[in-house]
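Colleague: Following this line is model_12.cif, made up of mmCIF, C-alpha atoms and all ligand atoms:
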data_work
loop_
_atom_site.label_atom_id
_atom_site.label_comp_id
_atom_site.auth_asym_id
_atom_site.auth_seq_id
_atom_site.Cartn_x
_atom_site.Cartn_y
_atom_site.Cartn_z
CA MET A 1 128.90 159.21 -28.17
CA GLU A 2 128.82 162.10 -30.58
CA ASP A 3 128.61 165.53 -29.02
CA TYR A 4 126.31 168.07 -30.57
CA GLU A 5 127.46 171.55 -31.35
CA PRO A 6 124.40 173.04 -32.99
CA GLY A 7 125.03 174.67 -36.35
CA GLU A 8 123.71 178.12 -37.19
CA HIS A 9 120.66 176.86 -39.10
CA GLU A 10 119.89 173.81 -37.02
CA PRO A 11 116.53 173.80 -35.28
CA SER A 12 116.68 174.16 -31.51
CA ARG A 13 116.84 170.89 -29.65
CA ILE A 14 115.37 172.37 -26.48
CA GLY A 15 112.89 169.94 -24.95
CA LEU A 16 114.68 166.82 -26.21
CA THR A 17 114.79 164.11 -23.55
CA LEU A 18 118.13 163.10 -22.08
CA GLU A 19 117.46 159.55 -23.19
CA THR A 20 116.93 160.61 -26.82
CA TYR A 21 120.03 162.78 -26.69
CA ILE A 22 122.10 159.85 -25.45
CA LEU A 23 120.53 157.48 -27.97
CA GLU A 24 121.04 159.86 -30.89
CA GLY A 25 124.68 160.05 -29.90
CA MET A 26 124.87 156.30 -30.35
CA LEU A 27 123.00 156.34 -33.65
CA GLY A 28 125.63 158.77 -34.94
CA ARG A 29 128.21 156.01 -34.45
CA PRO A 30 127.06 152.87 -36.26
CA GLU A 31 129.94 150.85 -34.79
CA ALA A 32 128.77 151.60 -31.23
CA ARG A 33 127.55 148.58 -29.33
CA GLY A 34 125.32 150.62 -27.08
CA TYR A 35 127.27 149.92 -23.88
CA PHE A 36 128.20 153.53 -23.27
CA THR A 37 124.65 154.65 -24.06
CA SER A 38 123.24 152.11 -21.66
CA LEU A 39 125.68 153.15 -18.94
CA LEU A 40 124.75 156.83 -19.24
CA ASN A 41 121.08 155.91 -19.19
CA GLN A 42 121.62 154.00 -15.94
CA ILE A 43 123.28 157.07 -14.40
CA ALA A 44 120.27 159.14 -15.48
CA LEU A 45 117.95 156.57 -13.94
CA ALA A 46 119.88 156.72 -10.66
CA ALA A 47 119.59 160.53 -10.75
CA LYS A 48 115.79 160.22 -11.01
CA LEU A 49 115.66 157.79 -8.10
CA VAL A 50 117.89 160.01 -5.93
CA THR A 51 115.77 163.04 -6.87
CA ALA A 52 112.68 161.24 -5.65
CA ARG A 53 114.35 160.63 -2.27
CA VAL A 54 115.85 164.10 -1.97
CA ARG A 55 112.51 165.76 -2.74
CA ARG A 56 110.89 163.86 0.14
CA ALA A 57 113.87 164.25 2.48
CA GLY A 58 112.02 166.04 5.28
CA LEU A 59 109.19 163.49 5.25
CA ALA A 60 110.59 160.06 4.67
CA ASN A 61 112.69 159.63 7.81
CA VAL A 62 115.89 159.87 5.80
CA LEU A 63 117.39 162.95 7.40
CA GLY A 64 120.24 162.67 9.90
CA THR A 65 123.39 160.60 10.15
CA THR A 66 124.03 156.87 10.14
CA GLY A 67 126.52 157.26 13.01
CA GLU A 68 129.40 156.20 10.73
CA GLN A 69 132.28 157.90 8.91
CA ASN A 70 133.16 157.46 5.24
CA ALA A 71 136.51 156.77 3.54
CA THR A 72 137.62 160.38 3.99
CA GLY A 73 136.47 160.68 7.60
CA ASP A 74 133.22 162.61 7.00
CA VAL A 75 130.07 161.77 8.93
CA VAL A 76 127.79 159.66 6.73
CA GLN A 77 124.28 160.97 6.23
CA LYS A 78 121.50 158.47 5.59
CA LEU A 79 120.84 160.03 2.19
CA ASP A 80 124.54 159.71 1.30
CA GLU A 81 124.32 156.01 1.88
CA GLU A 82 121.06 155.62 -0.02
CA ALA A 83 122.35 157.61 -3.00
CA ASN A 84 125.51 155.49 -2.99
CA GLU A 85 123.57 152.22 -3.08
CA THR A 86 121.18 153.55 -5.73
CA LEU A 87 124.08 154.41 -8.04
CA MET A 88 125.90 151.15 -7.41
CA ARG A 89 122.75 149.12 -8.16
CA ALA A 90 121.94 151.10 -11.31
CA LEU A 91 125.52 150.79 -12.59
CA GLY A 92 125.73 147.07 -11.86
CA ARG A 93 122.41 146.19 -13.50
CA ARG A 94 123.35 146.01 -17.20
CA HIS A 95 126.91 144.69 -16.97
CA HIS A 96 128.57 147.58 -18.77
CA CYS A 97 130.31 148.98 -15.71
CA ALA A 98 133.16 146.79 -14.47
CA ALA A 99 133.75 148.69 -11.23
CA ALA A 100 133.00 151.95 -9.46
CA ALA A 101 134.84 154.15 -7.01
CA SER A 102 132.72 156.23 -4.66
CA GLU A 103 133.46 158.86 -2.07
CA GLU A 104 131.53 156.67 0.35
CA GLU A 105 133.68 153.55 -0.06
CA GLU A 106 137.31 152.97 0.88
CA ASP A 107 138.02 150.61 -2.05
CA ILE A 108 136.66 150.19 -5.55
CA ARG A 109 133.58 147.99 -5.88
CA ILE A 110 133.62 145.34 -8.61
CA LEU A 111 130.21 145.44 -10.30
CA SER A 112 130.61 143.03 -13.20
CA THR A 113 133.22 140.71 -14.70
CA ALA A 114 131.21 140.19 -17.93
CA ASP A 115 133.02 140.82 -21.24
CA SER A 116 130.60 143.66 -21.88
CA ALA A 117 131.72 145.48 -18.73
CA ASN A 118 134.31 147.79 -20.19
CA TYR A 119 133.67 151.04 -18.34
CA LEU A 120 134.67 152.38 -14.94
CA VAL A 121 132.71 155.00 -13.05
CA VAL A 122 133.84 157.40 -10.32
CA PHE A 123 131.24 159.29 -8.31
CA ASP A 124 130.38 161.35 -5.30
CA PRO A 125 126.82 160.18 -4.65
CA LEU A 126 125.69 163.18 -2.62
CA ASP A 127 128.01 166.13 -2.60
CA GLY A 128 127.44 168.88 -0.04
CA SER A 129 126.15 166.49 2.58
CA SER A 130 126.41 169.03 5.38
CA ASN A 131 123.66 170.91 3.50
CA ILE A 132 121.18 167.99 3.33
CA ASP A 133 119.45 168.60 6.64
CA VAL A 134 119.07 172.35 6.05
CA ASN A 135 117.42 172.10 2.63
CA ILE A 136 120.23 173.68 0.61
CA SER A 137 121.27 172.44 -2.84
CA ILE A 138 123.20 169.18 -2.99
CA GLY A 139 124.34 167.12 -5.95
CA THR A 140 125.78 163.97 -7.52
CA ILE A 141 129.08 164.10 -9.44
CA PHE A 142 130.23 161.40 -11.88
CA GLY A 143 132.97 160.54 -14.35
CA VAL A 144 133.26 157.64 -16.82
CA TYR A 145 136.51 156.00 -17.94
CA ARG A 146 137.15 153.14 -20.29
CA LYS A 147 138.63 149.92 -18.88
CA ASP A 148 141.40 149.24 -21.33
CA HIS A 149 142.25 145.61 -20.64
CA ASP A 150 140.54 142.22 -20.35
CA GLY A 151 139.96 140.74 -16.93
CA PRO A 152 138.53 142.23 -13.76
CA ALA A 153 139.03 145.92 -12.95
CA THR A 154 141.69 146.85 -10.44
CA MET A 155 142.27 149.88 -8.27
CA GLU A 156 145.14 150.96 -10.56
CA ASP A 157 142.66 151.22 -13.46
CA PHE A 158 141.11 154.18 -11.65
CA LEU A 159 144.36 156.09 -11.30
CA LYS A 160 144.05 157.79 -14.69
CA PRO A 161 144.44 161.51 -15.37
CA GLY A 162 141.13 163.30 -15.84
CA ARG A 163 141.90 164.11 -19.48
CA GLU A 164 141.14 160.42 -20.21
CA LEU A 165 137.51 160.78 -19.08
CA GLN A 166 134.99 159.57 -21.68
CA ALA A 167 132.17 161.54 -20.07
CA ALA A 168 131.56 163.50 -16.90
CA GLY A 169 128.86 165.55 -15.33
CA TYR A 170 126.73 166.19 -12.33
CA VAL A 171 123.19 166.36 -11.09
CA ILE A 172 122.15 169.33 -9.00
CA TYR A 173 119.19 168.93 -6.67
CA GLY A 174 118.37 172.64 -6.44
CA SER A 175 115.27 174.72 -7.07
CA SER A 176 114.87 172.16 -9.84
CA THR A 177 116.91 169.04 -10.56
CA GLN A 178 119.32 169.46 -13.46
CA PHE A 179 121.63 166.97 -15.16
CA VAL A 180 124.70 168.47 -16.84
CA ILE A 181 126.83 166.24 -19.06
CA THR A 182 129.68 166.39 -21.54
CA THR A 183 131.76 163.91 -23.46
CA GLY A 184 134.45 166.58 -23.76
CA LYS A 185 133.06 168.81 -26.47
CA ALA A 186 129.73 170.54 -25.92
CA VAL A 187 128.20 170.76 -22.44
CA HIS A 188 124.44 170.35 -22.17
CA GLY A 189 122.05 170.80 -19.25
CA PHE A 190 118.78 168.91 -18.83
CA THR A 191 116.07 169.90 -16.34
CA TYR A 192 113.94 167.26 -14.67
CA ASP A 193 110.23 167.57 -15.34
CA PRO A 194 108.60 165.59 -12.53
CA SER A 195 105.24 165.60 -14.30
CA VAL A 196 106.62 163.44 -17.12
CA GLY A 197 109.51 161.85 -15.22
CA GLU A 198 112.12 162.92 -17.79
CA PHE A 199 115.18 165.16 -18.02
CA LEU A 200 114.52 167.63 -20.86
CA LEU A 201 117.19 169.64 -22.66
CA SER A 202 117.01 173.16 -21.20
CA HIS A 203 120.59 174.49 -21.49
CA GLU A 204 122.04 173.67 -24.88
CA ASN A 205 125.76 174.10 -25.52
CA ILE A 206 126.65 175.89 -22.27
CA ARG A 207 129.58 178.32 -22.59
CA ILE A 208 131.06 179.94 -19.51
CA PRO A 209 131.48 183.74 -19.76
CA ASP A 210 135.09 184.88 -20.01
CA HIS A 211 134.77 187.00 -16.87
CA HIS A 212 132.25 187.85 -14.16
CA PRO A 213 132.68 189.96 -11.02
CA THR A 214 131.89 187.10 -8.61
CA TYR A 215 134.14 185.00 -6.41
CA SER A 216 133.33 181.91 -4.38
CA ILE A 217 135.53 180.77 -1.52
CA ASN A 218 135.12 179.88 2.15
CA GLU A 219 136.13 183.27 3.62
CA GLY A 220 136.15 181.69 7.07
CA ASN A 221 139.46 180.09 6.11
CA ALA A 222 141.11 183.46 5.28
CA ALA A 223 143.57 183.35 8.20
CA ARG A 224 144.85 179.99 6.90
CA TRP A 225 145.42 181.08 3.28
CA THR A 226 148.84 181.62 1.78
CA ASP A 227 150.03 185.24 1.50
CA GLY A 228 149.28 185.18 -2.23
CA VAL A 229 145.66 184.06 -1.73
CA LYS A 230 145.27 186.66 1.04
CA ARG A 231 146.41 189.36 -1.39
CA TRP A 232 143.90 188.13 -3.99
CA GLY A 233 141.20 188.14 -1.27
CA GLU A 234 141.96 191.80 -0.53
CA TRP A 235 142.06 192.67 -4.23
CA VAL A 236 138.60 191.22 -5.07
CA LYS A 237 137.09 193.19 -2.18
CA ALA A 238 138.78 196.51 -2.97
CA GLU A 239 136.74 199.26 -4.62
CA ASP A 240 137.65 199.95 -8.27
CA PRO A 241 134.70 200.40 -10.65
CA SER A 242 136.98 200.28 -13.71
CA THR A 243 137.58 196.56 -12.99
CA ARG A 244 134.04 195.97 -11.62
CA ARG A 245 135.36 195.61 -8.06
CA PRO A 246 134.46 194.87 -5.38
CA TYR A 247 133.30 191.51 -6.67
CA SER A 248 130.23 189.85 -5.18
CA MET A 249 130.85 186.83 -2.98
CA ARG A 250 128.66 183.72 -3.36
CA TYR A 251 129.39 180.56 -1.41
CA VAL A 252 126.92 177.72 -0.89
CA GLY A 253 129.37 175.17 0.52
CA THR A 254 128.22 172.52 -1.98
CA LEU A 255 130.76 172.19 -4.78
CA VAL A 256 128.04 171.18 -7.24
CA ALA A 257 126.06 174.34 -6.52
CA ASP A 258 129.05 176.69 -6.47
CA ALA A 259 130.57 175.23 -9.64
CA HIS A 260 127.19 175.12 -11.42
CA ARG A 261 126.57 178.82 -10.73
CA THR A 262 130.13 179.59 -11.85
CA LEU A 263 129.57 177.63 -15.08
CA LEU A 264 126.36 179.47 -15.93
CA ARG A 265 127.19 182.97 -14.71
CA GLY A 266 130.98 183.07 -14.72
CA GLY A 267 133.41 184.07 -11.98
CA VAL A 268 135.79 181.92 -9.97
CA PHE A 269 135.39 179.18 -7.38
CA ALA A 270 138.41 178.36 -5.23
CA TYR A 271 139.22 175.83 -2.56
CA PRO A 272 142.97 176.40 -2.35
CA ALA A 273 145.51 174.66 -0.14
CA ASP A 274 145.72 176.30 3.28
CA THR A 275 147.41 175.62 6.61
CA LYS A 276 144.57 173.31 7.72
CA SER A 277 144.28 171.46 4.38
CA PRO A 278 147.77 171.60 2.83
CA GLU A 279 146.58 169.38 -0.05
CA GLY A 280 143.28 171.20 -0.46
CA LYS A 281 139.96 169.73 0.64
CA LEU A 282 138.28 168.47 -2.52
CA ARG A 283 138.84 165.00 -3.92
CA LEU A 284 140.59 164.65 -7.27
CA LEU A 285 138.89 161.61 -8.77
CA TYR A 286 135.22 162.27 -8.18
CA GLU A 287 135.03 166.01 -7.44
CA ALA A 288 137.83 167.99 -9.13
CA ASN A 289 138.27 165.94 -12.33
CA PRO A 290 134.62 165.73 -13.43
CA PHE A 291 134.20 169.48 -12.86
CA ALA A 292 137.50 170.27 -14.59
CA PHE A 293 136.29 168.21 -17.59
CA VAL A 294 132.96 170.05 -17.71
CA LEU A 295 134.49 173.50 -17.17
CA GLU A 296 137.13 173.07 -19.86
CA ALA A 297 134.56 171.75 -22.35
CA ALA A 298 132.53 174.91 -21.69
CA GLY A 299 135.52 177.19 -22.33
CA GLY A 300 136.64 177.63 -18.72
CA VAL A 301 139.71 176.68 -16.71
CA ALA A 302 140.44 174.33 -13.80
CA THR A 303 143.81 174.35 -12.04
CA THR A 304 145.37 173.45 -8.72
CA GLY A 305 147.16 176.80 -8.78
CA THR A 306 150.27 175.27 -10.30
CA GLU A 307 148.99 172.65 -12.73
CA ARG A 308 146.03 171.77 -14.95
CA VAL A 309 143.72 169.50 -12.92
CA LEU A 310 143.11 167.12 -15.85
CA ASP A 311 146.85 166.43 -16.20
CA ILE A 312 147.40 165.18 -12.64
CA GLN A 313 148.49 161.55 -12.42
CA PRO A 314 146.50 160.27 -9.42
CA THR A 315 148.27 158.12 -6.83
CA ALA A 316 145.33 157.25 -4.57
CA LEU A 317 141.54 156.89 -4.91
CA HIS A 318 140.65 159.51 -2.31
CA GLN A 319 143.48 161.93 -3.00
CA LYS A 320 142.74 165.61 -2.38
CA VAL A 321 143.75 168.59 -4.53
CA PRO A 322 143.53 172.37 -4.37
CA LEU A 323 140.89 173.45 -6.91
CA ILE A 324 140.47 176.78 -8.66
CA LEU A 325 137.95 176.80 -11.49
CA GLY A 326 135.89 179.20 -13.52
CA SER A 327 136.08 181.89 -16.15
CA ARG A 328 139.43 182.17 -17.89
CA ARG A 329 140.12 185.77 -16.85
CA ASN A 330 138.97 185.31 -13.26
CA VAL A 331 141.26 182.31 -12.84
CA GLU A 332 144.14 184.28 -14.37
CA GLU A 333 143.55 187.03 -11.79
CA PHE A 334 143.65 184.47 -8.99
CA LEU A 335 146.87 182.93 -10.27
CA ARG A 336 148.54 186.31 -10.72
CA PHE A 337 148.22 186.89 -6.96
CA ALA A 338 148.53 183.32 -5.72
CA ASN A 339 151.76 182.70 -7.60
CA GLY A 340 153.04 186.28 -7.61
P1 LIG B 401 131.20 166.34 0.83
O1 LIG B 401 131.57 165.67 -0.44
O2 LIG B 401 131.53 165.55 2.04
O3 LIG B 401 129.81 166.84 0.85
O4 LIG B 401 132.18 167.65 1.02
C1 LIG B 401 132.64 168.40 -0.02
C2 LIG B 401 132.12 169.82 0.12
C3 LIG B 401 132.03 170.47 -1.22
O5 LIG B 401 130.78 170.24 -1.80
C4 LIG B 401 132.22 171.93 -0.89
O6 LIG B 401 132.76 172.65 -1.96
C5 LIG B 401 133.17 171.88 0.27
O7 LIG B 401 133.02 170.60 0.85
C6 LIG B 401 132.86 172.92 1.30
O8 LIG B 401 133.82 172.87 2.31
P2 LIG B 401 133.85 173.93 3.52
O9 LIG B 401 132.67 173.61 4.38
O10 LIG B 401 135.15 173.66 4.19
O11 LIG B 401 133.78 175.30 2.93
MG MG B 402 131.66 165.84 -2.19
#
Would you mind writing the structure in this file as structure tokens?

Modeller:
Amino acid sequence: MEDYEPGEHEPSRIGLTLETYILEGMLGRPEARGYFTSLLNQIALAAKLVTARVRRAGLANVLGTTGEQNATGDVVQKLDEEANETLMRALGRRHHCAAAASEEEEDIRILSTADSANYLVVFDPLDGSSNIDVNISIGTIFGVYRKDHDGPATMEDFLKPGRELQAAGYVIYGSSTQFVITTGKAVHGFTYDPSVGEFLLSHENIRIPDHHPTYSINEGNAARWTDGVKRWGEWVKAEDPSTRRPYSMRYVGTLVADAHRTLLRGGVFAYPADTKSPEGKLRLLYEANPFAFVLEAAGGVATTGTERVLDIQPTALHQKVPLILGSRRNVEEFLRFANG
């Protein structure tokens, strides 16, 4: 799919539907068979269906837990499970997705063995699940890879570095529902208009500011941080107007919400390794990589503290990584202390 970077004299595309945007991308590539377009449209459809459920969450007897734990040991909320099934069904429908890997499932799920099924999708169906029952923003995160061989997909096919993503994005169920997507160049945001049932282009060509005096981290973990992160934590809170300190702290506890705010406003989000989570807490395949892909395409940075997230060679589906992402200068500040 072609990515639009609007030229100086081009008319604004604000108000364009997500479907038209995706379709126009295909029309720009006459050789395209429409599989990728169809796949992205199915993800958008799933986002609408999940929105409908999330918006009625207090009413429709879908709050609470299922009494089970998922592949990474978290308690499964009913909405988690519903969102997972909704995405799996939507992705399986048109036989363009060979298999999917979800936070909610231990193994990959084969969705189609048709010749047309040459994509793989990774997703976190409902990120921030501890926030579902208290009406705080939650989200869906996704990434799309190409399956580069004939025959059924295997688990190894999913162990690709994030730089090989064909597309990635997320849906935030916040004060409105927004769908943010990139194929690696421009990043665009679409806002759901429930009165017409469409995502409409509202944030064209998002660029992250180079710096902003905001930091986002779970301060409750401070005693478990490394000495370097502790020093950074002191530095951001110290008074020094010449460097706009102290910085403001914002932490929702939903990666989608914290990273979305960081993308639009700037600043830094960090979930570093600590003594409780020596590998970090967030999952590489369906949390860190899609956000790293979006952030980099918007001019930002995503690192583990020692390496670019998109360069990591994964070794397991549910692998965790430390994640520091945001504005270039804010991330540099973090690294100066963390690695100093
Ligand atoms: P989830 O995918 O099970 O919802 O958990 C991941 C969430 C992220 O959205 C968020 O950044 C992080 O966990 C918050 O963790 P903590 O509560 O330790 O601050
Ligand atoms: Mg998550």

Colleague: Determine, counting only C-alpha atoms, which protein, DNA and RNA residues have an atom within 9 Å of an atom of A:Ala47; residues of the same chain fewer than 3 positions away are not included. Present the result as a VMD selection string.

Modeller: chain A and resid 42 to 44 50 to 52 83 86 to 87 140 171 177 179

Colleague: Would you kindly return, as a list in words, each protein, DNA or RNA residue with an atom no farther than 9 Å from any atom of A:Val301, considering only C-alpha atoms and excluding same-chain residues fewer than 3 positions away?

Modeller: Ala292, Leu295, Glu296, Ala298, Arg308, Ile324, Leu325, Gly326, Ser327, Arg328 and Val331 of chain A

Colleague: Could you pull out the residues sitting within 7 Å of ligand MG 402 (chain B), using all atoms listed in the file, and write them as a ChimeraX atom specification?

Modeller: /A:124,126-128,255,287

Colleague: Need the shell around A:Val294: protein/DNA/RNA residues with any atom at most 10 Å away, counting all atoms listed in the file. Skip same-chain ones fewer than 6 positions apart. Format as a tab-separated table (two decimals) with C-alpha atoms, keeping the file's coordinate frame?

Modeller:
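Contents of result_16.tsv, freshly written:
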chain	number	residue	atom	x	y	z
A	167	ALA	CA	132.17	161.54	-20.07
A	168	ALA	CA	131.56	163.50	-16.90
A	169	GLY	CA	128.86	165.55	-15.33
A	170	TYR	CA	126.73	166.19	-12.33
A	180	VAL	CA	124.70	168.47	-16.84
A	181	ILE	CA	126.83	166.24	-19.06
A	182	THR	CA	129.68	166.39	-21.54
A	183	THR	CA	131.76	163.91	-23.46
A	184	GLY	CA	134.45	166.58	-23.76
A	185	LYS	CA	133.06	168.81	-26.47
A	186	ALA	CA	129.73	170.54	-25.92
A	187	VAL	CA	128.20	170.76	-22.44
A	188	HIS	CA	124.44	170.35	-22.17
A	206	ILE	CA	126.65	175.89	-22.27
A	259	ALA	CA	130.57	175.23	-9.64
A	260	HIS	CA	127.19	175.12	-11.42
A	263	LEU	CA	129.57	177.63	-15.08
A	300	GLY	CA	136.64	177.63	-18.72
A	301	VAL	CA	139.71	176.68	-16.71
A	302	ALA	CA	140.44	174.33	-13.80

Colleague: Dump the neighbourhood of ligand LIG 401 (chain B) as a PyMOL selection string: all residues within 9 Å, distances computed on all atoms listed in the file.

Modeller: chain A and resi 70+72-76+80+103+124-131+138-139+217-221+251-259+269-271+281-283+287

Colleague: Within 10 Å of (139.9, 189.2, -0.3), in the coordinates the file gives, what residues turn up when you count only C-alpha atoms, written out as number ranges by chain?

Modeller: A: 215, 217, 219, 222, 229-238, 246-247, 249
